[in-house]
$ cat final-v6.cif   # mmCIF, N, CA and C atoms and all ligand atoms
data_coords
#
loop_
_atom_site.label_atom_id
_atom_site.label_comp_id
_atom_site.auth_asym_id
_atom_site.auth_seq_id
_atom_site.Cartn_x
_atom_site.Cartn_y
_atom_site.Cartn_z
N MET A 1 7.85 -25.92 23.04
CA MET A 1 8.65 -27.14 22.91
C MET A 1 10.05 -26.88 23.46
N PRO A 2 10.56 -27.75 24.33
CA PRO A 2 11.93 -27.52 24.83
C PRO A 2 12.96 -27.65 23.71
N LEU A 3 14.05 -26.96 23.88
CA LEU A 3 15.08 -26.89 22.84
C LEU A 3 15.59 -28.27 22.44
N SER A 4 15.74 -29.15 23.44
CA SER A 4 16.29 -30.47 23.14
C SER A 4 15.40 -31.23 22.15
N GLU A 5 14.09 -31.02 22.25
CA GLU A 5 13.18 -31.69 21.32
C GLU A 5 13.34 -31.14 19.91
N CYS A 6 13.49 -29.82 19.79
CA CYS A 6 13.69 -29.23 18.48
C CYS A 6 14.90 -29.84 17.81
N ARG A 7 15.97 -29.98 18.59
CA ARG A 7 17.21 -30.51 18.03
C ARG A 7 17.00 -31.93 17.55
N ALA A 8 16.30 -32.72 18.37
CA ALA A 8 16.08 -34.12 18.02
C ALA A 8 15.30 -34.22 16.71
N GLU A 9 14.32 -33.33 16.56
CA GLU A 9 13.49 -33.35 15.37
C GLU A 9 14.31 -33.00 14.13
N GLU A 10 15.14 -31.97 14.28
CA GLU A 10 15.99 -31.53 13.18
C GLU A 10 16.92 -32.67 12.74
N GLN A 11 17.47 -33.35 13.72
CA GLN A 11 18.39 -34.43 13.43
C GLN A 11 17.71 -35.54 12.61
N THR A 12 16.50 -35.86 12.99
CA THR A 12 15.80 -36.93 12.30
C THR A 12 15.54 -36.56 10.84
N SER A 13 15.03 -35.34 10.61
CA SER A 13 14.62 -34.99 9.26
C SER A 13 15.81 -34.80 8.33
N MET A 14 16.97 -34.49 8.88
CA MET A 14 18.11 -34.23 8.01
C MET A 14 19.16 -35.34 8.09
N SER A 15 18.79 -36.44 8.73
CA SER A 15 19.81 -37.45 9.01
C SER A 15 20.34 -38.14 7.76
N SER A 16 19.57 -38.08 6.67
CA SER A 16 20.03 -38.77 5.46
C SER A 16 20.99 -37.91 4.64
N ILE A 17 21.23 -36.69 5.09
CA ILE A 17 22.13 -35.79 4.36
C ILE A 17 23.51 -35.86 5.03
N PRO A 18 24.58 -36.03 4.20
CA PRO A 18 25.92 -36.12 4.81
C PRO A 18 26.23 -34.91 5.68
N SER A 19 26.98 -35.11 6.77
CA SER A 19 27.13 -34.05 7.76
C SER A 19 27.83 -32.81 7.21
N ASP A 20 28.80 -32.99 6.29
CA ASP A 20 29.49 -31.79 5.79
C ASP A 20 28.54 -30.96 4.92
N VAL A 21 27.69 -31.65 4.16
CA VAL A 21 26.71 -30.94 3.34
C VAL A 21 25.68 -30.27 4.23
N ARG A 22 25.29 -30.99 5.27
CA ARG A 22 24.27 -30.47 6.17
C ARG A 22 24.74 -29.19 6.84
N SER A 23 25.99 -29.19 7.34
CA SER A 23 26.47 -28.00 8.04
C SER A 23 26.63 -26.85 7.05
N GLN A 24 27.01 -27.20 5.82
CA GLN A 24 27.11 -26.20 4.77
C GLN A 24 25.73 -25.56 4.52
N MET A 25 24.70 -26.39 4.47
CA MET A 25 23.36 -25.90 4.23
C MET A 25 22.91 -24.98 5.35
N MET A 26 23.20 -25.40 6.58
CA MET A 26 22.77 -24.60 7.72
C MET A 26 23.48 -23.24 7.72
N ARG A 27 24.76 -23.28 7.36
CA ARG A 27 25.53 -22.04 7.31
C ARG A 27 25.00 -21.08 6.26
N SER A 28 24.51 -21.66 5.16
CA SER A 28 24.15 -20.84 4.01
C SER A 28 22.80 -20.18 4.13
N ILE A 29 22.08 -20.48 5.20
CA ILE A 29 20.72 -19.98 5.30
C ILE A 29 20.72 -18.45 5.42
N ARG A 30 21.69 -17.93 6.16
CA ARG A 30 21.81 -16.47 6.19
C ARG A 30 22.47 -16.04 4.90
N LYS A 31 21.78 -15.19 4.14
CA LYS A 31 22.21 -14.94 2.77
C LYS A 31 23.34 -13.91 2.65
N SER A 32 23.33 -12.86 3.47
CA SER A 32 24.42 -11.90 3.34
C SER A 32 25.21 -11.83 4.64
N ASN A 33 26.42 -11.28 4.54
CA ASN A 33 27.35 -11.24 5.67
C ASN A 33 27.63 -12.63 6.21
N THR A 34 27.76 -13.58 5.32
CA THR A 34 28.11 -14.94 5.73
C THR A 34 29.57 -14.96 6.15
N ALA A 35 29.96 -16.01 6.85
CA ALA A 35 31.35 -16.14 7.30
C ALA A 35 32.33 -16.06 6.12
N PRO A 36 32.07 -16.74 5.00
CA PRO A 36 32.99 -16.60 3.86
C PRO A 36 33.09 -15.17 3.36
N GLU A 37 31.94 -14.47 3.32
CA GLU A 37 31.96 -13.06 2.89
C GLU A 37 32.83 -12.22 3.80
N LEU A 38 32.68 -12.43 5.11
CA LEU A 38 33.46 -11.66 6.07
C LEU A 38 34.95 -11.94 5.90
N SER A 39 35.30 -13.19 5.61
CA SER A 39 36.71 -13.55 5.42
C SER A 39 37.28 -12.87 4.18
N VAL A 40 36.50 -12.85 3.11
CA VAL A 40 36.98 -12.20 1.88
C VAL A 40 37.14 -10.71 2.12
N ARG A 41 36.21 -10.12 2.84
CA ARG A 41 36.32 -8.69 3.14
C ARG A 41 37.58 -8.40 3.95
N LYS A 42 37.90 -9.29 4.88
CA LYS A 42 39.11 -9.09 5.69
C LYS A 42 40.36 -9.16 4.81
N LEU A 43 40.38 -10.13 3.89
CA LEU A 43 41.53 -10.24 2.98
C LEU A 43 41.68 -8.96 2.16
N LEU A 44 40.55 -8.43 1.68
CA LEU A 44 40.60 -7.20 0.87
C LEU A 44 41.14 -6.03 1.71
N ARG A 45 40.71 -5.95 2.96
CA ARG A 45 41.21 -4.88 3.83
C ARG A 45 42.72 -5.03 4.04
N ASP A 46 43.15 -6.30 4.21
CA ASP A 46 44.59 -6.56 4.38
C ASP A 46 45.38 -6.06 3.17
N ILE A 47 44.80 -6.24 1.99
CA ILE A 47 45.47 -5.79 0.76
C ILE A 47 45.41 -4.26 0.66
N GLY A 48 44.47 -3.66 1.39
CA GLY A 48 44.32 -2.20 1.36
C GLY A 48 43.30 -1.73 0.34
N VAL A 49 42.32 -2.56 0.07
CA VAL A 49 41.30 -2.22 -0.92
C VAL A 49 40.08 -1.61 -0.23
N ARG A 50 39.57 -0.55 -0.83
CA ARG A 50 38.32 0.02 -0.32
C ARG A 50 37.18 -0.52 -1.17
N TYR A 51 36.11 -0.90 -0.51
CA TYR A 51 35.02 -1.54 -1.24
C TYR A 51 33.67 -1.13 -0.66
N ARG A 52 32.64 -1.41 -1.41
CA ARG A 52 31.29 -1.24 -0.90
C ARG A 52 30.59 -2.58 -0.91
N LEU A 53 29.51 -2.66 -0.14
CA LEU A 53 28.84 -3.96 0.02
C LEU A 53 27.47 -3.98 -0.65
N HIS A 54 27.10 -5.17 -1.11
CA HIS A 54 25.73 -5.45 -1.54
C HIS A 54 25.14 -4.36 -2.43
N ALA A 55 25.67 -4.29 -3.64
CA ALA A 55 25.24 -3.27 -4.60
C ALA A 55 23.93 -3.69 -5.24
N ARG A 56 22.84 -3.24 -4.65
CA ARG A 56 21.53 -3.68 -5.14
C ARG A 56 21.14 -3.06 -6.47
N ASP A 57 21.87 -2.01 -6.86
CA ASP A 57 21.56 -1.39 -8.15
C ASP A 57 22.21 -2.15 -9.31
N LEU A 58 23.04 -3.13 -9.01
CA LEU A 58 23.72 -3.89 -10.07
C LEU A 58 23.10 -5.27 -10.21
N PRO A 59 23.18 -5.85 -11.42
CA PRO A 59 22.61 -7.18 -11.62
C PRO A 59 23.18 -8.19 -10.62
N GLY A 60 22.30 -8.93 -9.99
CA GLY A 60 22.73 -9.97 -9.05
C GLY A 60 23.14 -9.44 -7.68
N SER A 61 23.03 -8.11 -7.46
CA SER A 61 23.47 -7.51 -6.19
C SER A 61 24.81 -8.08 -5.71
N PRO A 62 25.90 -7.75 -6.42
CA PRO A 62 27.20 -8.32 -6.01
C PRO A 62 27.50 -8.05 -4.54
N ASP A 63 28.15 -9.03 -3.88
CA ASP A 63 28.42 -8.91 -2.45
C ASP A 63 29.40 -7.78 -2.14
N ILE A 64 30.38 -7.61 -3.03
CA ILE A 64 31.43 -6.61 -2.82
C ILE A 64 31.66 -5.88 -4.14
N VAL A 65 31.71 -4.55 -4.11
CA VAL A 65 31.97 -3.83 -5.36
C VAL A 65 33.06 -2.78 -5.17
N LEU A 66 33.88 -2.63 -6.20
CA LEU A 66 34.87 -1.57 -6.29
C LEU A 66 34.38 -0.67 -7.41
N ARG A 67 33.59 0.33 -7.04
CA ARG A 67 32.85 1.09 -8.04
C ARG A 67 33.73 1.79 -9.06
N GLN A 68 34.78 2.46 -8.57
CA GLN A 68 35.60 3.23 -9.51
C GLN A 68 36.28 2.33 -10.52
N LYS A 69 36.62 1.15 -10.08
CA LYS A 69 37.31 0.22 -10.98
C LYS A 69 36.33 -0.62 -11.78
N HIS A 70 35.04 -0.48 -11.50
CA HIS A 70 34.03 -1.30 -12.18
C HIS A 70 34.31 -2.78 -11.98
N LYS A 71 34.56 -3.16 -10.74
CA LYS A 71 34.83 -4.56 -10.43
C LYS A 71 33.88 -5.03 -9.34
N ALA A 72 33.39 -6.24 -9.54
CA ALA A 72 32.45 -6.80 -8.57
C ALA A 72 32.90 -8.19 -8.16
N ILE A 73 32.64 -8.52 -6.90
CA ILE A 73 33.02 -9.83 -6.38
C ILE A 73 31.78 -10.50 -5.78
N PHE A 74 31.55 -11.73 -6.20
CA PHE A 74 30.53 -12.55 -5.56
C PHE A 74 31.23 -13.57 -4.68
N VAL A 75 30.72 -13.74 -3.48
CA VAL A 75 31.22 -14.81 -2.62
C VAL A 75 30.12 -15.87 -2.56
N HIS A 76 30.38 -16.99 -3.19
CA HIS A 76 29.34 -18.00 -3.35
C HIS A 76 29.55 -19.19 -2.42
N GLY A 77 28.49 -19.58 -1.75
CA GLY A 77 28.49 -20.85 -1.05
C GLY A 77 28.49 -21.97 -2.08
N CYS A 78 29.35 -22.96 -1.86
CA CYS A 78 29.54 -24.00 -2.88
C CYS A 78 28.27 -24.82 -3.10
N PHE A 79 27.50 -25.01 -2.05
CA PHE A 79 26.28 -25.81 -2.20
C PHE A 79 25.19 -25.03 -2.93
N TRP A 80 24.84 -23.89 -2.43
CA TRP A 80 23.71 -23.13 -2.99
C TRP A 80 23.96 -22.68 -4.42
N HIS A 81 25.23 -22.44 -4.75
CA HIS A 81 25.53 -21.97 -6.10
C HIS A 81 26.16 -23.07 -6.95
N GLN A 82 26.21 -24.29 -6.39
CA GLN A 82 26.64 -25.48 -7.13
C GLN A 82 28.00 -25.30 -7.80
N HIS A 83 29.03 -25.13 -6.95
CA HIS A 83 30.40 -25.02 -7.43
C HIS A 83 30.74 -26.28 -8.23
N PRO A 84 31.06 -26.15 -9.54
CA PRO A 84 31.30 -27.34 -10.35
C PRO A 84 32.47 -28.18 -9.81
N GLY A 85 32.23 -29.47 -9.64
CA GLY A 85 33.28 -30.39 -9.23
C GLY A 85 33.66 -30.32 -7.76
N CYS A 86 32.96 -29.54 -6.97
CA CYS A 86 33.32 -29.35 -5.56
C CYS A 86 32.54 -30.32 -4.68
N LYS A 87 33.21 -30.88 -3.67
CA LYS A 87 32.51 -31.86 -2.85
C LYS A 87 31.43 -31.20 -1.96
N LEU A 88 31.61 -29.92 -1.68
CA LEU A 88 30.58 -29.22 -0.91
C LEU A 88 29.29 -29.01 -1.71
N ALA A 89 29.41 -29.17 -3.02
CA ALA A 89 28.25 -28.92 -3.89
C ALA A 89 27.43 -30.18 -4.12
N LYS A 90 27.85 -31.27 -3.48
CA LYS A 90 27.16 -32.53 -3.68
C LYS A 90 25.69 -32.40 -3.28
N ARG A 91 24.81 -32.84 -4.16
CA ARG A 91 23.39 -32.71 -3.88
C ARG A 91 22.91 -33.80 -2.94
N PRO A 92 22.13 -33.41 -1.95
CA PRO A 92 21.61 -34.43 -1.03
C PRO A 92 20.65 -35.37 -1.76
N SER A 93 20.65 -36.62 -1.38
CA SER A 93 19.74 -37.55 -2.04
C SER A 93 18.31 -37.39 -1.52
N ALA A 94 18.19 -36.87 -0.30
CA ALA A 94 16.85 -36.72 0.28
C ALA A 94 16.12 -35.52 -0.33
N ARG A 95 14.86 -35.68 -0.60
CA ARG A 95 13.95 -34.62 -1.03
C ARG A 95 14.46 -33.79 -2.21
N PRO A 96 14.83 -34.43 -3.31
CA PRO A 96 15.31 -33.66 -4.48
C PRO A 96 14.26 -32.68 -4.99
N GLU A 97 12.98 -33.01 -4.78
CA GLU A 97 11.92 -32.12 -5.26
C GLU A 97 11.97 -30.77 -4.54
N TYR A 98 12.60 -30.75 -3.37
CA TYR A 98 12.74 -29.51 -2.62
C TYR A 98 14.01 -28.76 -3.04
N TRP A 99 15.13 -29.48 -3.14
CA TRP A 99 16.41 -28.82 -3.41
C TRP A 99 16.62 -28.45 -4.86
N LEU A 100 16.28 -29.39 -5.74
CA LEU A 100 16.66 -29.19 -7.14
C LEU A 100 16.16 -27.88 -7.75
N PRO A 101 14.85 -27.56 -7.61
CA PRO A 101 14.40 -26.29 -8.22
C PRO A 101 15.14 -25.08 -7.67
N LYS A 102 15.43 -25.11 -6.36
CA LYS A 102 16.15 -23.98 -5.74
C LYS A 102 17.55 -23.85 -6.34
N LEU A 103 18.23 -25.00 -6.45
CA LEU A 103 19.61 -24.98 -6.95
C LEU A 103 19.65 -24.55 -8.41
N ILE A 104 18.72 -25.07 -9.19
CA ILE A 104 18.67 -24.71 -10.61
C ILE A 104 18.35 -23.23 -10.77
N HIS A 105 17.43 -22.74 -9.94
CA HIS A 105 17.08 -21.32 -9.97
C HIS A 105 18.30 -20.45 -9.63
N ASN A 106 19.05 -20.85 -8.61
CA ASN A 106 20.25 -20.09 -8.22
C ASN A 106 21.26 -20.04 -9.36
N GLN A 107 21.50 -21.21 -9.98
CA GLN A 107 22.49 -21.25 -11.05
C GLN A 107 22.08 -20.36 -12.22
N GLU A 108 20.80 -20.39 -12.55
CA GLU A 108 20.30 -19.58 -13.66
C GLU A 108 20.43 -18.09 -13.32
N ARG A 109 20.09 -17.74 -12.08
CA ARG A 109 20.19 -16.34 -11.64
C ARG A 109 21.65 -15.87 -11.70
N ASP A 110 22.58 -16.74 -11.27
CA ASP A 110 24.01 -16.38 -11.31
C ASP A 110 24.45 -16.15 -12.75
N ARG A 111 24.02 -17.04 -13.62
CA ARG A 111 24.42 -16.97 -15.03
C ARG A 111 23.95 -15.64 -15.64
N LEU A 112 22.69 -15.29 -15.37
CA LEU A 112 22.15 -14.04 -15.91
C LEU A 112 22.86 -12.82 -15.34
N ALA A 113 23.16 -12.87 -14.04
CA ALA A 113 23.82 -11.73 -13.40
C ALA A 113 25.21 -11.51 -14.00
N LEU A 114 25.96 -12.59 -14.20
CA LEU A 114 27.31 -12.46 -14.76
C LEU A 114 27.24 -11.91 -16.18
N ALA A 115 26.26 -12.39 -16.96
CA ALA A 115 26.12 -11.91 -18.34
C ALA A 115 25.75 -10.43 -18.35
N ALA A 116 24.83 -10.03 -17.48
CA ALA A 116 24.38 -8.64 -17.44
C ALA A 116 25.52 -7.71 -16.99
N LEU A 117 26.31 -8.16 -16.03
CA LEU A 117 27.44 -7.34 -15.57
C LEU A 117 28.48 -7.19 -16.67
N ALA A 118 28.71 -8.28 -17.40
CA ALA A 118 29.66 -8.21 -18.52
C ALA A 118 29.16 -7.21 -19.57
N ASP A 119 27.86 -7.19 -19.82
CA ASP A 119 27.28 -6.22 -20.77
C ASP A 119 27.52 -4.79 -20.31
N LEU A 120 27.52 -4.59 -19.00
CA LEU A 120 27.73 -3.25 -18.45
C LEU A 120 29.22 -2.92 -18.29
N MET A 121 30.07 -3.82 -18.82
CA MET A 121 31.53 -3.65 -18.79
C MET A 121 32.10 -3.71 -17.37
N TRP A 122 31.48 -4.52 -16.53
CA TRP A 122 32.05 -4.77 -15.20
C TRP A 122 32.88 -6.03 -15.24
N SER A 123 34.02 -6.01 -14.54
CA SER A 123 34.80 -7.23 -14.34
C SER A 123 34.25 -7.93 -13.10
N VAL A 124 34.14 -9.23 -13.18
CA VAL A 124 33.54 -9.96 -12.08
C VAL A 124 34.45 -11.10 -11.63
N LEU A 125 34.58 -11.24 -10.32
CA LEU A 125 35.30 -12.38 -9.76
C LEU A 125 34.34 -13.16 -8.86
N VAL A 126 34.27 -14.45 -9.07
CA VAL A 126 33.49 -15.30 -8.17
C VAL A 126 34.45 -16.00 -7.22
N VAL A 127 34.26 -15.77 -5.93
CA VAL A 127 35.05 -16.48 -4.93
C VAL A 127 34.18 -17.58 -4.34
N TRP A 128 34.67 -18.80 -4.42
CA TRP A 128 33.92 -19.92 -3.85
C TRP A 128 34.33 -20.13 -2.41
N GLU A 129 33.35 -20.50 -1.62
CA GLU A 129 33.56 -20.72 -0.19
C GLU A 129 34.77 -21.62 0.10
N CYS A 130 34.94 -22.69 -0.70
CA CYS A 130 36.01 -23.65 -0.42
C CYS A 130 37.39 -23.03 -0.68
N GLU A 131 37.45 -21.94 -1.43
CA GLU A 131 38.74 -21.30 -1.69
C GLU A 131 39.32 -20.66 -0.43
N LEU A 132 38.46 -20.48 0.57
CA LEU A 132 38.93 -19.91 1.82
C LEU A 132 39.80 -20.89 2.61
N ASN A 133 39.81 -22.15 2.16
CA ASN A 133 40.69 -23.12 2.81
C ASN A 133 42.16 -22.80 2.56
N ASP A 134 42.43 -22.01 1.52
CA ASP A 134 43.80 -21.61 1.23
C ASP A 134 43.86 -20.08 1.12
N PRO A 135 43.88 -19.41 2.28
CA PRO A 135 43.80 -17.94 2.29
C PRO A 135 44.92 -17.27 1.51
N GLU A 136 46.12 -17.86 1.54
CA GLU A 136 47.24 -17.23 0.83
C GLU A 136 47.00 -17.20 -0.68
N LEU A 137 46.52 -18.34 -1.19
CA LEU A 137 46.22 -18.43 -2.62
C LEU A 137 45.09 -17.46 -2.99
N LEU A 138 44.10 -17.40 -2.12
CA LEU A 138 42.96 -16.52 -2.37
C LEU A 138 43.38 -15.05 -2.33
N ARG A 139 44.26 -14.73 -1.37
CA ARG A 139 44.76 -13.35 -1.28
C ARG A 139 45.45 -12.96 -2.60
N THR A 140 46.27 -13.87 -3.12
CA THR A 140 46.96 -13.61 -4.39
C THR A 140 45.95 -13.40 -5.52
N LYS A 141 44.93 -14.24 -5.54
CA LYS A 141 43.91 -14.15 -6.58
C LYS A 141 43.15 -12.81 -6.49
N LEU A 142 42.81 -12.41 -5.26
CA LEU A 142 42.09 -11.15 -5.06
C LEU A 142 42.95 -9.96 -5.49
N LYS A 143 44.23 -10.03 -5.10
CA LYS A 143 45.16 -8.96 -5.44
C LYS A 143 45.26 -8.81 -6.95
N ARG A 144 45.39 -9.95 -7.62
CA ARG A 144 45.52 -9.94 -9.08
C ARG A 144 44.27 -9.34 -9.72
N PHE A 145 43.11 -9.73 -9.19
CA PHE A 145 41.85 -9.23 -9.74
C PHE A 145 41.71 -7.72 -9.53
N VAL A 146 42.04 -7.29 -8.32
CA VAL A 146 41.88 -5.88 -7.97
C VAL A 146 42.86 -5.01 -8.77
N CYS A 147 44.07 -5.51 -8.95
CA CYS A 147 45.11 -4.70 -9.58
C CYS A 147 45.06 -4.74 -11.11
N ALA A 148 44.44 -5.75 -11.66
CA ALA A 148 44.44 -5.89 -13.12
C ALA A 148 43.77 -4.69 -13.78
N ASP A 149 44.34 -4.28 -14.91
CA ASP A 149 43.71 -3.20 -15.69
C ASP A 149 42.46 -3.74 -16.33
N ARG A 150 41.51 -2.84 -16.48
CA ARG A 150 40.28 -3.26 -17.19
C ARG A 150 40.60 -3.41 -18.66
N ARG A 151 39.97 -4.45 -19.22
CA ARG A 151 40.20 -4.67 -20.65
C ARG A 151 39.15 -3.95 -21.46
ZN ZN B 201 33.66 -25.29 -3.69
#
$ encode --input "final-v6.cif" --output "structure tokens"
Amino acid sequence: MPLSECRAEEQTSMSSIPSDVRSQMMRSIRKSNTAPELSVRKLLRDIGVRYRLHARDLPGSPDIVLRQKHKAIFVHGCFWHQHPGCKLAKRPSARPEYWLPKLIHNQERDRLALAALADLMWSVLVVWECELNDPELLRTKLKRFVCADRR
């Protein structure tokens, strides 16, 4: 099938989904090393933080970990992880039977991961994709999280 036909088909099936949500969904398909993750990593490097990636031995496989400090950072896409009150998290009206179970599953998985990490005495920061719209504010937030003493 020529590429132009594929595009036309994609457009038809997703046309009922608002364009900002749609592009968010397309972006989120790649699960790790997403653009938001790369941006957060760059901010951390700017601050001078050393980190490791994708800690599969920890609950929820946090995207970024500071092992010695027992701190973990998740970088969440607002749609897939349903950022409360965020416009990027708006659920598409089309095919709820397809999206809803996935979204509910993601939220439940996030909730369990955060609880399990807290049990292991890890500090956790969730960075939402939309927070990257204000890099200065996010840099301050990251700095505060990284520098804070463990309680
Ligand atoms: Zn958001």
$ residues_near_ligand --input "final-v6.cif" --ligand "ligand ZN 201 (chain B)" --cutoff "5 Å" --atoms "only N, CA and C atoms and all ligand atoms" --output "short mmCIF file (atom, residue, chain, number, x, y, z; two decimals) with N, CA and C atoms, in the frame of the given file"
data_model
loop_
_atom_site.label_atom_id
_atom_site.label_comp_id
_atom_site.auth_asym_id
_atom_site.auth_seq_id
_atom_site.Cartn_x
_atom_site.Cartn_y
_atom_site.Cartn_z
N CYS A 78 29.35 -22.96 -1.86
CA CYS A 78 29.54 -24.00 -2.88
C CYS A 78 28.27 -24.82 -3.10
N HIS A 83 29.03 -25.13 -6.95
CA HIS A 83 30.40 -25.02 -7.43
C HIS A 83 30.74 -26.28 -8.23
N CYS A 86 32.96 -29.54 -6.97
CA CYS A 86 33.32 -29.35 -5.56
C CYS A 86 32.54 -30.32 -4.68
N CYS A 130 34.94 -22.69 -0.70
CA CYS A 130 36.01 -23.65 -0.42
C CYS A 130 37.39 -23.03 -0.68
#
$ atom_distance --input "final-v6.cif" --atom1 "atom N of Gln82 in chain A" --atom2 "atom C of Ile47 in chain A"
28.6 Å
$ residues_around --input "final-v6.cif" --residues "range 60-69 of chain A" --least-positions-apart "5" --cutoff "9 Å" --atoms "only C-alpha atoms" --output "MDAnalysis selection string"
chainID A and resid 32:33 37 41 49:55 74:75 109:110 112:114 116:117 122:124 146 149:150
$ closest_residue --input "final-v6.cif" --among "A:Leu125, A:Arg139, A:Ala148, A:Ala89" --to "Lys71 in chain A" --atoms "all atoms listed in the file"
A:Leu125
$ atom_distance --input "final-v6.cif" --atom1 "CA of Ile104 in chain A" --atom2 "atom N of Pro59 in chain A"
19.4 Å
$ atom_distance --input "final-v6.cif" --atom1 "atom C of Glu131 in chain A" --atom2 "atom C of Ala35 in chain A"
10.6 Å
$ closest_residue --input "final-v6.cif" --among "A:His70, A:Leu43, A:Lys87, A:Arg56" --to "Leu120 in chain A" --atoms "only N, CA and C atoms"
A:His70
$ closest_residue --input "final-v6.cif" --among "A:Thr140, A:Lys90, A:His81, A:Leu132" --to "Ser39 in chain A" --atoms "all atoms listed in the file"
A:Leu132
$ closest_residue --input "final-v6.cif" --among "A:Arg95, A:Pro101, A:Asp134, A:Gln107" --to "Trp80 in chain A" --atoms "all atoms listed in the file"
A:Gln107
